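Visitor: If it helps, the file is called input.txt and holds compact mmCIF, C-alpha atoms:
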```
# COMPACT_ATOMS: atom_id res chain seq x y z
CA MET A 1 108.19 99.55 63.52
CA ALA A 2 107.01 98.47 66.98
CA GLN A 3 105.34 95.10 67.17
CA ASP A 4 105.11 91.97 69.25
CA SER A 5 106.23 88.62 67.90
CA LEU A 6 107.03 85.14 69.12
CA HIS A 7 108.91 82.71 66.90
CA ARG A 8 109.56 79.06 67.69
CA TYR A 9 112.50 77.40 66.03
CA LEU A 10 113.62 73.77 65.83
CA PHE A 11 116.84 72.22 64.59
CA ASP A 12 116.46 69.09 62.45
CA GLY A 13 118.26 66.01 63.70
CA VAL A 14 118.98 67.30 67.22
CA SER A 15 116.91 67.73 70.35
CA VAL A 16 117.16 71.52 70.40
CA ARG A 17 114.38 74.05 70.17
CA GLY A 18 113.97 77.66 71.14
CA GLU A 19 111.77 80.70 71.22
CA LEU A 20 112.51 84.24 70.15
CA VAL A 21 110.26 86.98 71.53
CA GLN A 22 109.93 90.70 70.82
CA LEU A 23 107.55 92.73 73.00
CA SER A 24 107.51 96.27 71.68
CA ASP A 25 103.79 97.11 71.62
CA SER A 26 102.82 95.29 74.81
CA PHE A 27 105.83 96.73 76.68
CA GLN A 28 104.84 100.25 75.62
CA GLN A 29 101.25 99.63 76.73
CA LEU A 30 102.40 98.23 80.08
CA THR A 31 104.82 101.04 80.89
CA GLY A 32 103.20 103.95 79.05
CA GLY A 33 100.60 104.83 81.68
CA LYS A 34 102.97 105.20 84.62
CA ASP A 35 106.21 107.08 85.23
CA TYR A 36 108.43 104.09 86.04
CA PRO A 37 112.06 104.84 86.99
CA ALA A 38 114.42 103.50 84.29
CA PRO A 39 115.72 100.52 86.35
CA VAL A 40 112.17 99.48 87.26
CA LYS A 41 111.07 99.79 83.64
CA LYS A 42 114.00 97.60 82.56
CA LEU A 43 113.16 95.01 85.22
CA LEU A 44 109.53 94.96 84.07
CA GLY A 45 110.68 94.37 80.48
CA GLU A 46 112.99 91.53 81.47
CA LEU A 47 110.33 89.82 83.59
CA MET A 48 107.75 90.36 80.85
CA THR A 49 110.05 88.66 78.35
CA ALA A 50 110.72 85.74 80.69
CA THR A 51 107.01 85.29 81.38
CA SER A 52 106.21 85.40 77.67
CA LEU A 53 108.77 82.65 77.02
CA LEU A 54 107.28 80.57 79.84
CA THR A 55 103.71 80.96 78.56
CA ALA A 56 104.86 79.91 75.09
CA THR A 57 105.61 76.46 76.54
CA LEU A 58 102.17 75.93 78.10
CA LYS A 59 100.52 72.73 76.91
CA PHE A 60 97.11 73.80 78.23
CA GLU A 61 94.85 76.83 78.35
CA GLY A 62 95.71 78.90 81.37
CA SER A 63 98.19 81.42 82.75
CA ILE A 64 101.51 81.88 84.49
CA THR A 65 102.27 84.61 87.01
CA VAL A 66 105.88 85.44 87.90
CA GLN A 67 106.29 87.65 90.94
CA LEU A 68 109.45 89.11 92.52
CA GLN A 69 109.13 90.51 96.05
CA GLY A 70 111.96 92.10 97.98
CA ASP A 71 112.97 94.37 100.83
CA GLY A 72 114.91 96.75 98.56
CA PRO A 73 113.72 99.96 96.88
CA VAL A 74 111.65 97.82 94.49
CA SER A 75 109.28 95.79 96.64
CA LEU A 76 107.26 94.06 93.91
CA VAL A 77 107.43 93.25 90.22
CA VAL A 78 104.74 90.97 88.84
CA ILE A 79 103.85 89.84 85.31
CA ASN A 80 100.94 87.60 84.33
CA GLY A 81 100.65 85.99 80.91
CA ASN A 82 98.26 83.49 79.39
CA HIS A 83 98.34 80.86 76.64
CA ASN A 84 97.29 83.55 74.11
CA GLN A 85 100.35 85.67 75.01
CA VAL A 86 98.22 88.35 76.66
CA LEU A 87 100.53 89.97 79.22
CA ARG A 88 99.93 92.41 82.05
CA GLY A 89 101.88 93.50 85.06
CA THR A 90 102.97 96.17 87.49
CA ALA A 91 105.68 97.16 89.96
CA ARG A 92 105.92 98.89 93.32
CA TRP A 93 108.90 100.95 94.43
CA ASN A 94 109.87 103.69 96.84
CA ASP A 95 111.80 106.94 96.38
CA ASN A 96 115.18 105.26 96.93
CA VAL A 97 115.48 103.55 93.53
CA PRO A 98 119.00 104.24 92.22
CA ALA A 99 119.38 105.78 88.76
CA GLU A 100 121.18 102.63 87.66
CA GLY A 101 120.71 99.54 89.76
CA THR A 102 121.62 95.89 89.71
CA LEU A 103 119.06 93.27 90.64
CA PRO A 104 120.45 93.00 94.21
CA GLU A 105 120.44 96.78 94.59
CA LEU A 106 116.84 97.00 93.40
CA LEU A 107 115.25 94.02 95.15
CA GLY A 108 117.49 93.24 98.11
CA LYS A 109 116.49 90.08 99.97
CA GLY A 110 113.23 88.52 98.89
CA ASN A 111 111.52 85.75 97.02
CA ILE A 112 110.23 84.69 93.66
CA VAL A 113 106.81 83.12 93.29
CA ILE A 114 105.66 81.35 90.14
CA THR A 115 102.00 80.42 89.87
CA ILE A 116 100.62 78.21 87.08
CA GLU A 117 96.84 78.32 86.70
CA PRO A 118 95.25 75.96 84.18
CA GLU A 119 91.69 76.84 83.20
CA GLN A 120 90.84 73.20 83.93
CA GLY A 121 92.50 71.53 86.91
CA GLU A 122 94.52 72.54 89.92
CA ARG A 123 96.62 75.64 90.44
CA TYR A 124 100.35 75.12 91.13
CA GLN A 125 102.61 77.49 93.01
CA ALA A 126 106.32 77.44 93.84
CA SER A 127 108.32 79.93 95.87
CA TRP A 128 112.05 80.45 96.37
CA VAL A 129 113.80 82.75 98.82
CA TRP A 130 117.00 84.54 97.81
CA LYS A 131 119.55 86.86 99.22
CA LEU A 132 121.10 88.49 96.19
CA THR A 133 124.64 89.71 96.59
CA HIS A 134 127.09 91.48 94.35
CA SER A 135 130.57 92.85 94.45
CA LYS A 136 131.90 96.06 93.01
CA LEU A 137 135.31 96.51 91.45
CA ALA A 138 137.44 99.18 93.09
```
Starting from the coordinates I provided, produce the structure as C-alpha cells.

Guide:
Amino acid sequence: MAQDSLHRYLFDGVSVRGELVQLSDSFQQLTGGKDYPAPVKKLLGELMTATSLLTATLKFEGSITVQLQGDGPVSLVVINGNHNQVLRGTARWNDNVPAEGTLPELLGKGNIVITIEPEQGERYQASWVWKLTHSKLA
C-alpha cells in the first residue's frame, strides 16, 4: 500500500534522535506527470527524502528549498518542502543522461543551494560549489 509517513524516534537516556520517512504517494505524484529518465527519477527521490527530513526539523512555519545545479547531463534538481511536509520539485536534463549514472556522471561540476524561508523573519541562503569525481574499477 503506497503512503507517505514520517516517524520521529527518541532513545531514552541518550542524546540520540532520528526520523524515518517514506514518500510513496508524494513521489508518485511528483514523477507521474513527466517521463523522467530512471537516474533522474532516482535523484529526485533521494533529494525529496533529504528535503523531507530537513523540513521535519524546522522549528518555525516556513519552507526549505534544496537545489542541485550542474554542468552535466542533469542541469537542475530542485525540491521545496514546508513545515507541513508538502513537497514539490522538478528536474532539468538533456538527451545525454546515461541509463545508469552516478552523481558525478549526472551532475558534473556544480553547486548546491539551500534556502530557508520562514513565514515570519528573514530568508537564509547558503551555497557550496563542488567538483564531483569518481573512479571506476578496471

Visitor: Might you pull out every residue within 8 Å of stretch 99-109 of chain A, with only C-alpha atoms counted and same-chain residues fewer than 4 positions away left off, and present them as a list in words?

Guide: Pro37, Ala38, Pro39, Gln69, Gly70, Asp71, Gly72, Pro73, Val74, Ser75, Val129, Trp130, Lys131, Leu132, Thr133 and His134 of chain A

Visitor: Using all atoms listed in the file, which protein or nucleic acid residues come within 9 Å of A:Leu87? Drop anything in the same chain fewer than 2 positions from it, and give the result as a PDB file with C-alpha atoms, in the frame of the given file.

Guide:
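Wrote selection22.pdb, looks like this:
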```pdb
ATOM      1  CA  SER A  26     102.820  95.290  74.810  1.00  0.00           C
ATOM      2  CA  PHE A  27     105.830  96.730  76.680  1.00  0.00           C
ATOM      3  CA  LEU A  30     102.400  98.230  80.080  1.00  0.00           C
ATOM      4  CA  MET A  48     107.750  90.360  80.850  1.00  0.00           C
ATOM      5  CA  THR A  51     107.010  85.290  81.380  1.00  0.00           C
ATOM      6  CA  SER A  52     106.210  85.400  77.670  1.00  0.00           C
ATOM      7  CA  ILE A  79     103.850  89.840  85.310  1.00  0.00           C
ATOM      8  CA  ASN A  80     100.940  87.600  84.330  1.00  0.00           C
ATOM      9  CA  GLY A  81     100.650  85.990  80.910  1.00  0.00           C
ATOM     10  CA  ASN A  82      98.260  83.490  79.390  1.00  0.00           C
ATOM     11  CA  ASN A  84      97.290  83.550  74.110  1.00  0.00           C
ATOM     12  CA  GLN A  85     100.350  85.670  75.010  1.00  0.00           C
ATOM     13  CA  GLY A  89     101.880  93.500  85.060  1.00  0.00           C
TER      14      GLY A  89
END
```

Visitor: Centre and edge lengths of an axis-aligned box around all listed atoms of stretch 40-54 of chain A, with 3 Å added on each side, are to be given in Å to one decimal, as AutoDock Vina command-line options.

Guide:
```
--center_x 110.1 --center_y 90.2 --center_z 82.1 --size_x 13.8 --size_y 25.2 --size_z 16.2
```

Visitor: For A:Tyr36, which residue out of A:Val14, A:Leu54, A:Val77, A:Ile64 is the nearest one, using all atoms listed in the file?

Guide: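 Closest to A:Tyr36, using all atoms listed in the file: A:Val77.
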
Visitor: If you measure from atom CA of A:Val78 to atom CA of A:Val66, what distance in Å do you get, rounded to one decimal?

Guide: 5.7 Å

Visitor: Would you list the residues near (110.2, 95.1, 75.7), meaning any protein, DNA or RNA residue with an atom at most 8 Å from that point in file coordinates, counting only C-alpha atoms, as a PyMOL selection string?

Guide: chain A and resi 22-28+45-46+48-49

Visitor: Measuring atom to atom with all atoms listed in the file, identify which of A:Asn96, A:Leu76, A:Gly33, A:Arg123 is nearest to A:Gly110.

Guide: A:Leu76

Visitor: Figure out the distance between atom CA of A:Val40 and atom CA of A:Trp128, please, to one decimal in Å.

Guide: 21.1 Å

Visitor: Could you jot down the atom CA of A:Glu119 to atom CA of A:Lys59 separation for me, Å, one decimal place?

Guide: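 Between atom CA of A:Glu119 and atom CA of A:Lys59 the gap works out to 11.6 Å.
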
Visitor: Quick one: which stretch 37-123 of chain A residues come within 12 Å of stretch 8-11 of chain A, and what is the nearest atom pair for each with the distance in Å to one decimal, counting only C-alpha atoms, rows ordered by chain and ascending number, as JSON lines?

Guide:
```
{"residue": "A:Leu53", "atom": "CA", "partner": "A:Arg8", "partner_atom": "CA", "distance": 10.0}
{"residue": "A:Ala56", "atom": "CA", "partner": "A:Arg8", "partner_atom": "CA", "distance": 8.8}
{"residue": "A:Thr57", "atom": "CA", "partner": "A:Arg8", "partner_atom": "CA", "distance": 10.0}
```

Visitor: Please provide as a ChimeraX atom specification all residues within 7 Å of A:His83, with the sequence filter that same-chain residues fewer than 2 positions apart are discarded (counting only C-alpha atoms).

Guide: /A:55-56,58,61-63,85

Visitor: I need the residue nearest A:Leu20 from this list: A:Glu122, A:Asp35, A:Asp4, A:Glu117. Use all atoms listed in the file for the distance.

Guide: A:Asp4

Visitor: Of the candidates A:Ala91, A:Ile116, A:Leu6, A:Val21, which shows the shortest atom-to-atom distance to A:Leu44, using only C-alpha atoms?

Guide: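 Selected residue with least distance to A:Leu44: A:Ala91.
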